[in-house]
Amino acid sequence: MVGGLRFKGGGVCVFLVKVEVGESRDFSFLQSILINLVARVLNTIQIDINLTKGKMIPENGKTDEEEEEEESRWRSRCQKRTGEDSDRKATCPSAASRLGDRLVVLPDVGKQCGVLAMRLRAVLTLCRPLAPVLVGISLGFTLSLLGLSWVDEACGGIGADSDLDGFLEPVVDRPSTTESVGKAESDRPGRGGHDRDEYQPRIVPYRRPVEKSRSGKVFRPRYISSELGLRDQLLVSVLSSRSSVGSLAVAMNRTVGHHFAKVLFFTDSHGAKFPGGMTLVTQVDERPIWKMFQALHYIHEHHAAEYDWFYFVQDDAYIQEQRYRYFELDGKMDLEKEERVEFLNAYAVHPVEEPVLMYLLHKRFTQNELDRTYEEIAQLQMEIKNVSVETPEGENVVTWPVGINPPFKARTRFEVIPWQHFTEDYMFSCVDGRPMCELHGVDRADVSDILETVLERFNRWYQPHLHFRLLALSSGYRRFDPTRGMEYMLDLSLEMSTQRGNKRVLSKRVQLLRPLNTVEIVPMPYVTEGTRLHVLLPLTVHDRVHFPQFFQSFAANALDTHENLLLTLLFIYDPFDAQKVSQDDIFAEVKELIGEYQQRYEDVKFPWISVKTDVPSQIKLMDIISKKNPLETLFLVTSVASELSVEFLNRCRMNAIANWQVFFPIHFQEFDPELLQPDRQAHVATDLSREAGHFDRAAFDEACFYNSDYMAARTRMAQVLANSQSDVGDEDIFDLFVHHSSLHLFRAAEPALRHRHRHRACNPRLSEDVYHRCLQNNLQGLASHAQLATLLLQNEQNGT
């Protein structure tokens, strides 16, 4: 754009404004704004604006009158010099013709330049106050154009060749489609691969970034579920408070918690005590809005990549359904008789102000669920019977109960599942091999339950015409079928009564089945086999003879293989031996042997602790050791007769889980070799067979547990003893965890843990149960019943 300014004094100023835009952009509005702005500014100083496009202006800047006067003077001087009359015009060209090609330099250039300089100074003097305004306008336009290019690049790379008009249009005027969300950039219409639908809102699923290994190796997750992208379905988060965490939150955990693998309870941190068995997340802020925000933030930080759905609820709401249907609870309602559809089909009932009301709601909705389940089972059984007629086998293919797996069929005599005979008081196939033992504990409760079930079913089927009463259980049989459950056959003596009062005694055989429920895998925390193991070996005066053999086996299986463990010995002195320890130490030979092994294994330490007591219970010994070690220490309590193998040490590390589980292995006890093989001189490893030994279920010599779990159970035991005002009992560690801990107690046969035969020195000052188990171990460790019977027969024949 070219513009010319003509001043009243005769001066002319030529200016050029250049705006670079894209090929397909129209910035005519910017041009018009710029021209109008300049015109308004210059009109204030009374300067005429003359815009010329293609019109030539003389470079000397003179007016028309001055040009004509100059033309006449030039022509007269030229005619005088030439003296021509006719062709003067051709010989003397006019000044205007010389100015046409804009290359002729006028005479008297210095004078013209001086005049032009004076006029320019006058213009600059007038324009000087407006200089900041013009500079600001120019700078504003420049920064606006630069900023526009940066925004284009940030929004998808719109350059000079892009459709800027389309970009400036409002997005809401464009039709929105969902197809463009999944398209690639190159498939979208428009230049540069940009579509108008790109700026429409859409849901972007959250993806936690995968950690990359800095060393360049492939990153492998710890669990296979993380690598395959498997996640749980639902995480329930309960918003509680310090006033209701011990009442409503506990009730909600007992009624809803068994339906989910994990339930989080969010509460403030000002509560004095928190109930056990619940996953609590403490918060600082008690305001409802901020509590909800903190719960959402915690879920996003810790569990966003583990679950598909998240459910938040307050602790004053009861939940059993999947579809969300809400029912407002009235305090005057009778929950046992309420039959409204809105109540029966409700997903959540609110508000629940008391824990008792929570349990009543749970009872009612659980009973409704059981009724619906029984109706569905009956309907499915009827359908199975109807369909079985059309099968090639006919109705014979259906076994009782309908819908349950058929009984297991043994292929050989070794696969036959034996039946256990029992009465109401005795069992005639005991675990320890005895022919008869008293029925007690869970076995007695099991028999009582099935008898009550039989009477309830009989009376339900024959009411109101007949009524049955149990007189006696003549005999009963049961066996556990791993394919379907526990089977029972009962021979009952029943009294039948009619409505008229007639009575009659009947003998009936009934068959029952307690079917297996859905088998679930219990989730376990992650553990490794590299945990350091702290082995504790208590030694009494009677164990000195067996210690060299134990230490030789321990050095071969643990020290030579460089196992990550530490052996600590506990020398137990009675008060009499402790008084003369400086003159005659009963463990002098043991300590000397330890010194020899210390010289052989210089990088291994064998610390020992001397304890003086006349009642060497496991709890008293552990009280001394636990205080000297950190809470994360993994202990293995063993005995001098055990042979510790690498397999057992690793299973001890894997089966003992902090805050979750303790491990009590059942060792394989060898029989007395002198009784069975009198000619054998040295100890030789025997096979796992009935003739060589047995798994001693009554022994609890070995135990694997963490120090933190022991300290927690020991603290609860101390509180119970303080209330009863009694001293520390003589129980062993197994009884401690059974009575004063909520951890899992894992007890299983351990073939890699063997005990050499030895005669135990039973201390009568220990508890009655511990002393009785010690005597029982000595008797059962001699030989099997068949071997003892054979020996007795041989002695009778030999007269010895």
# chains A, B, ... in the order shown; residues from 1 in each chain; ligands from 1
$ residues_around --residues "Asp543 in chain A" --least-positions-apart "5" --cutoff "9 Å" --atoms "only C-alpha atoms" --output "PyMOL selection string"
chain A and resi 538+640-641
$ residues_around --residues "Leu745 in chain A" --least-positions-apart "5" --cutoff "12 Å" --atoms "only C-alpha atoms" --output "mmCIF file with N, CA and C atoms, in the first residue's frame"
data_model
loop_
_atom_site.group_PDB
_atom_site.id
_atom_site.type_symbol
_atom_site.label_atom_id
_atom_site.label_comp_id
_atom_site.auth_asym_id
_atom_site.auth_seq_id
_atom_site.Cartn_x
_atom_site.Cartn_y
_atom_site.Cartn_z
ATOM 1 N N ASN A 655 6.255 -68.662 54.247
ATOM 2 C CA ASN A 655 4.986 -68.883 54.942
ATOM 3 C C ASN A 655 4.778 -67.968 56.138
ATOM 4 N N ALA A 656 5.806 -67.323 56.618
ATOM 5 C CA ALA A 656 5.659 -66.341 57.692
ATOM 6 C C ALA A 656 5.548 -64.952 57.060
ATOM 7 N N ILE A 657 4.412 -64.310 57.249
ATOM 8 C CA ILE A 657 4.112 -63.017 56.622
ATOM 9 C C ILE A 657 3.778 -62.033 57.725
ATOM 10 N N ASN A 659 2.224 -59.254 59.905
ATOM 11 C CA ASN A 659 0.854 -58.729 60.070
ATOM 12 C C ASN A 659 -0.191 -59.561 59.334
ATOM 13 N N TRP A 660 0.149 -60.826 59.025
ATOM 14 C CA TRP A 660 -0.797 -61.633 58.262
ATOM 15 C C TRP A 660 -0.818 -63.104 58.714
ATOM 16 N N GLN A 661 0.359 -63.728 58.864
ATOM 17 C CA GLN A 661 0.371 -65.171 59.078
ATOM 18 C C GLN A 661 1.624 -65.597 59.826
ATOM 19 N N VAL A 662 1.473 -66.616 60.677
ATOM 20 C CA VAL A 662 2.597 -67.274 61.344
ATOM 21 C C VAL A 662 2.579 -68.746 60.922
ATOM 22 N N PHE A 663 3.754 -69.375 60.978
ATOM 23 C CA PHE A 663 3.923 -70.726 60.443
ATOM 24 C C PHE A 663 4.432 -71.653 61.533
ATOM 25 N N PHE A 664 3.693 -72.759 61.757
ATOM 26 C CA PHE A 664 4.084 -73.797 62.705
ATOM 27 C C PHE A 664 4.162 -75.112 61.948
ATOM 28 N N PRO A 665 5.341 -75.516 61.489
ATOM 29 C CA PRO A 665 5.456 -76.745 60.693
ATOM 30 C C PRO A 665 5.309 -77.984 61.568
ATOM 31 N N ALA A 703 8.715 -72.800 65.079
ATOM 32 C CA ALA A 703 7.766 -71.714 64.829
ATOM 33 C C ALA A 703 8.479 -70.622 64.052
ATOM 34 N N CYS A 704 7.792 -70.101 63.015
ATOM 35 C CA CYS A 704 8.306 -69.008 62.192
ATOM 36 C C CYS A 704 7.354 -67.828 62.310
ATOM 37 N N PHE A 705 7.841 -66.682 62.742
ATOM 38 C CA PHE A 705 6.985 -65.508 62.952
ATOM 39 C C PHE A 705 7.868 -64.263 62.980
ATOM 40 N N ASP A 709 4.702 -59.205 65.106
ATOM 41 C CA ASP A 709 3.510 -59.989 65.421
ATOM 42 C C ASP A 709 3.587 -60.567 66.833
ATOM 43 N N ILE A 733 4.472 -70.769 72.385
ATOM 44 C CA ILE A 733 4.210 -69.698 71.426
ATOM 45 C C ILE A 733 2.954 -69.981 70.606
ATOM 46 N N PHE A 734 2.685 -71.257 70.333
ATOM 47 C CA PHE A 734 1.483 -71.593 69.569
ATOM 48 C C PHE A 734 0.222 -71.163 70.312
ATOM 49 N N ASP A 735 0.136 -71.446 71.607
ATOM 50 C CA ASP A 735 -1.020 -71.033 72.406
ATOM 51 C C ASP A 735 -1.122 -69.509 72.480
ATOM 52 N N LEU A 736 0.020 -68.819 72.485
ATOM 53 C CA LEU A 736 -0.003 -67.359 72.516
ATOM 54 C C LEU A 736 -0.702 -66.795 71.281
ATOM 55 N N PHE A 737 -0.351 -67.292 70.102
ATOM 56 C CA PHE A 737 -0.965 -66.774 68.880
ATOM 57 C C PHE A 737 -2.413 -67.247 68.716
ATOM 58 N N VAL A 738 -2.735 -68.414 69.262
ATOM 59 C CA VAL A 738 -4.116 -68.893 69.155
ATOM 60 C C VAL A 738 -5.054 -68.050 70.000
ATOM 61 N N HIS A 739 -4.656 -67.704 71.195
ATOM 62 C CA HIS A 739 -5.545 -67.029 72.137
ATOM 63 C C HIS A 739 -5.458 -65.512 72.095
ATOM 64 N N HIS A 740 -4.361 -64.952 71.625
ATOM 65 C CA HIS A 740 -4.168 -63.513 71.753
ATOM 66 C C HIS A 740 -3.767 -62.853 70.436
#
$ select_by_dssp --residues "range 310-413 of chain A" --states "strand (DSSP E or B)" --output "list in words"
Phe310, Tyr311, Phe312, Val313, Gln314, Tyr318, Tyr326, Phe327, Glu328, Ala348, Val349 and His350 of chain A
$ atom_distance --atom1 "CA of Pro351 in chain A" --atom2 "CA of Leu248 in chain A"
11.2 Å
$ closest_residue --among "A:Glu643, A:Asp330, A:Glu415, A:Asp585" --to "Ala556 in chain A" --atoms "only C-alpha atoms"
A:Glu643
